[in-house]
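I have placed the structure first, in the form of C-alpha cells, so that the comments after it can refer back to it.
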Amino acid sequence: MIKLKNVSKTYFLGEEKVKAVDNVSLEIKKGEYVSIVGPSGCGKSTLMYTIGLLDTPTSGSVYIDGQDVSKLTDEELSHLRNQKIGFVFQSFNLINKFTALENVLLPTKYLKDKLDFDPQERAEELLKQFGIWDRKDFFPNKISGGQQQRVAVARALIMKPSIILADEPTGNLDTKAGHEILDLLSDLNKKLNVTIVLITHEMDIAKRTKRKIVMKDGQVISK
Amino acid sequence: MKLRNGTYHLIKSAIADFKRNKIRTFLTSLGITIGVMSVVMLIALGLGLKNYISEQFEGLGANLIMVMGGSGLGGGGDEGGGFSGPAGMFGSVIEFDERDVSSLRRIQEIEYVVPTYFKSLSIEAEDNEETGYVMGVNEEFFGLMNSEMLEGNVFDKSDLQGRTKVAVLGHNLSENLFGEAGDGAGRTIRVDNMRLKVIGVLEKTGDREMDKAAVIPYTTTFASLNPDKTFWSIYLGVTSEDDVETASEKAEETLLKRYKEDEFSITEQSEILSTVNQIFAVLNAILVAIGSISLLVGGIGIMNIMYATVTERTKEIGIRRAIGATKKDILVQFLAESVVLSTLGGLVGLLLSVLIVMAIRIFFPAAINTLAVVIAFGVSGFIGVFFGVFPAKRAADLPPIVAIKYE
C-alpha cells in the first residue's frame, strides 16, 4: 500500500541544514492502523506530508500502491490525493466561508471523471453517521471543535479513500471530544478497512493503534 | 478544464468571498466601473457630436450633389459645410450661368437643378435690421431641401418668370426681424434697396445658414444684386441614391465641355458625410484611448487586491491542494474571481452610463452603440484575465506544503 525507501528530507533554516527525515524506509499495508509517534520536531509531520504527496523527498522513493510517485506530474499527484488520500489536521482546516456540508462536498468538485456515487447522498450518510447532520448548514466557526473535526473526517472520507492521514487530530480538542474522534477513526479502520496513519506525540494515543512507528531526530527507531 | 458543476462552484465560491469583503469588493470594482464609464461616456459623447453634425448635413438631403466654382470644399472659402460663397479666394474663379443650368437639366438622372446665388447682407424690416443670407434659387429648391413651412407658401415657377419681389424667410431670420417667426408671413423686408414681400416662413432646420436665409427667386437677384446673372454654385438632386454616382459623372462631363477640370468641383453629399465620419472615427479613437487610462488604473487596483487575496488565502489554497485541487484548478479559481470582479464593475459602469446618456439625450444626441457595450464587457473581462493572471499564477505555484502550513 505505502512503501518508503531510503526517504530523506533536508531543508535549510537560514544557514543551518536541517535533516527532518533521515533515510527512512518502511512499509504500511492495506487496512493497517498505524501511529507515528515521537516528540515534536522529530520529523513525523514531514514524513506524513511526504506520504500524503504534499511534500517531495530530497532523496529516496515513495510508492503508493506500487507506483513510484516521484515520476508523477502535479496533476497526477493531485488526482491521487483527491481519490486515495484523506487528510485530517490538528486545526481541522475547514474553509470558513463554506458550510459544513459544502466543506464535505468540496473534494468532489475536483474529480475530473464521473463519480460512482451521489455526492449529496454520501455526504448526508457520513454526516448522519457522525451525528452532525443537524449542523450541515452551519459555518465551521459556529460549531464546536469536536463537531468541526467530524466534518473534517467526513470530508476526508467522501471520496472513499484507501488511506487516512491524521496529523494530531485530537491536539485541539478536549479529552472527551478527542476520544470520540479516536473511536471514530478506529471504527473506520475496523468496519471499512481504511488504512489509517495517525501522527501524535502522545504515547497514550499511540497505544490505541495496532502498530507504532517511533521516530527520533528524523530517524525511525522502532517500527 | 472540466469540473463537476465547475463553473457554478467557481462563481459561488467567488461570490462567497465578495460577501465576506463587501467594502473591499465594492472599492475594487469601483475602479473598473469608473473606467468603463469613462470609456462608454466618451464614446457616447463622440457619437453624439457625430450624430449632431450628420443631422445638419442630412437636413440638406442625402442625394445632393454640389457643383461649385474652384476646387471645391477642400479649396477654402467654405464655412459650416452648408451654403457659402465662392470656393476659391482668388477672383479668377468661374461662375456659372443659366446656360449651365439648362445643359445640366438635360441629364436624365438629375431631377432637381437649383442654381444658387448666395450673399450675406443686411436685411431690414419695419424697425429691425439683421444680417442674413440672401439666397437666389429656383422653385425646385424647396423640393430638393424637403422644406417644411411654418407659415405661408413658397414661390413657384411663375414667380421666377415674373421676377416677382417675394421672399421665403428662414425661421431664425423671421423671428429676429418680427419677434415671432410665424409673424413674418405677409410682411415686407428690404434688401439692398429692394422691397420684398414675405410670402412664407420655413420651419427651423437646424442649419445655421438656412435658418437665417431670405430665399428669393434667382431671377429677382438679376435686377441689382446680381447684374452678371451668375451663380456661385448649382445644387443637383437625384431621386435615388444609386444614381448619385452616374449623375455626378455626367454633370462633370457636361461642364468639361465648357470649363477646365480645375475650374469647378463636384461634391457629393455622401462624400462630405464620409469625411465627417472619418474625422470622428479618429476623434473617437483618441477619446477611447484617454478613457482607457482609467480602465488601466482600475485593472491595477484589481491586481493589487488579488495579490492581497492570494496571500490572505494561502491556507485555503493549501487545504484545496490537499483535497485534490490541481495547480490549474487554483489558477482558474483565482482567475474566475478577478474576472467576476471586473465584469461586475464593468456591468455597473455600463448601467450607470446608460442612465447618464439617457439623461443627457434631452439636450444632446449622445448614443451608446454596440461598440461601447462590447468594449465595456470585452475590456473589463480582459482586464480581469490580464491583471488576475499574475496573482492567480502565484497562488497556483505555491508549494502545497508551504500553503497548508501557512498561518
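Residues are named by chain letter and number: chains run A, B, ... in the order of the C-alpha cells, numbers start at 1 in each chain, and ligands are numbered from 1 in the order shown.
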
Quiz item: Using only C-alpha atoms, which residues sit within 9 Å of Met41 of chain B once same-chain residues fewer than 2 positions away are excluded, as an NGL selection string?
Solution: :B and (36-39 or 43-46 or 291 or 353-354 or 356-357 or 366-368 or 372)

What are the nearest atom pairs, with distances in Å to one decimal, for all residues of chain B that come at most 10 Å from chain A, using only C-alpha atoms, set out by chain and rising residue number as CSV?
```
residue,atom,partner,partner_atom,distance
B:Met1,CA,A:Lys112,CA,8.6
B:Lys2,CA,A:Lys112,CA,6.5
B:Leu3,CA,A:Lys112,CA,6.0
B:Arg4,CA,A:Lys109,CA,5.5
B:Asn5,CA,A:Lys109,CA,7.1
B:Gly6,CA,A:Lys109,CA,6.9
B:His9,CA,A:Lys109,CA,7.7
B:Leu10,CA,A:Lys109,CA,9.7
B:Ser13,CA,A:Phe98,CA,8.4
B:Ala16,CA,A:Lys97,CA,6.5
B:Asp17,CA,A:Lys97,CA,7.2
B:Lys19,CA,A:Lys97,CA,9.3
B:Arg20,CA,A:Lys97,CA,7.9
B:Arg313,CA,A:Ile95,CA,9.9
B:Lys315,CA,A:Asn93,CA,8.2
B:Glu316,CA,A:Ile95,CA,6.5
B:Ile317,CA,A:Ile95,CA,9.8
B:Gly318,CA,A:Leu54,CA,9.1
B:Ile319,CA,A:Asn93,CA,6.6
B:Arg320,CA,A:Pro107,CA,8.0
B:Arg321,CA,A:Ser78,CA,7.0
B:Ala322,CA,A:Arg81,CA,6.6
B:Ile323,CA,A:Asn82,CA,5.2
B:Gly324,CA,A:Asn82,CA,3.9
B:Ala325,CA,A:Tyr110,CA,5.7
B:Thr326,CA,A:Ser78,CA,5.4
B:Lys327,CA,A:Glu75,CA,7.2
B:Lys328,CA,A:Glu75,CA,8.2
B:Asp329,CA,A:Tyr110,CA,7.8
B:Pro399,CA,A:Leu54,CA,8.0
B:Pro400,CA,A:Leu54,CA,5.5
B:Ile401,CA,A:Leu54,CA,5.3
B:Val402,CA,A:Asp55,CA,8.8
B:Ala403,CA,A:Leu54,CA,9.8
B:Ile404,CA,A:Asn93,CA,8.6
```

Practice problem: Would you please extract all strand (DSSP E) residues from segment 21-169 of chain A, as assigned by DSSP on the backbone, and give them as number ranges by chain? | Solution: A: 21-28, 33-37, 59-64, 67-68, 85-88, 163-167

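Considering the residues A:Gly31, A:Leu101, A:Met1, A:Phe12 and counting only C-alpha atoms, Val62 of chain A has its shortest atom-to-atom contact with A:Met1.
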
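Between atom CA of Gly206 of chain B and atom CA of Val67 of chain B there is a distance of 22.9 Å.
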
Self-check item: Surrounding residues of Thr230 of chain B excluding itself and chain neighbours under 3 positions, 7 Å, only C-alpha atoms, as a count of residues only
Solution: 4

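Checking A:Leu198, A:Ile181, A:Ala152, A:Ile213 one by one against Ala166 of chain A, counting only C-alpha atoms, you find the shortest gap at A:Leu198.
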
Quiz prompt | 10 Å contact set for Glu252 of chain B, only C-alpha atoms, chain neighbours under 5 positions out, as a VMD selection string | solution = chain B and resid 67 104 246 to 247 257 259 261 264 to 266

Quiz item: Hey, which of A:Leu184, A:Ile143, A:Val197, A:Val151 ends up closest to Val34 of chain A? Count only C-alpha atoms.
Solution: A:Val197

Self-check item: segment 131-133 of chain B surroundings by only C-alpha atoms, 10 Å radius, close-in-sequence under 5 positions cut, as a PyMOL selection string
Solution: chain B and resi 83-84+117-124+169-170+172-173+176+191+209-215

Exercise. Give me the residues within 10 Å of Ser240 of chain B as JSON, numbers by chain, counting only C-alpha atoms and dropping any in the same chain fewer than 5 places off.
Key: {"B": [62, 63, 109, 110, 111]}

Practice problem: Write out as a VMD selection string all residues of segment 2-64 of chain A that DSSP puts in alpha helix (DSSP H) for this structure's backbone. | Solution: chain A and resid 44 to 51

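From atom CA of Asp68 of chain A back to atom CA of Val7 of chain A, the distance works out to 12.4 Å.
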
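With atom CA of Asn284 of chain B on one side and atom CA of Leu49 of chain B on the other, the separation reads 10.2 Å.
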
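Every protein, DNA or RNA residue with an atom at most 12 Å from Gln129 of chain A, where only C-alpha atoms count and chain neighbours fewer than 4 positions away do not, is listed here: Arg122, Ala123, Glu124, Glu125, Trp133, Asp134, Arg150, Val151, Val153, Ala154, Leu157, Leu184, Asp187 and Leu188 of chain A.
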
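With only C-alpha atoms as the atoms that count, the residue of A:Thr195, A:Ser8, A:Ser35, A:Thr170 with the shortest distance to Asp183 of chain A is A:Thr170.
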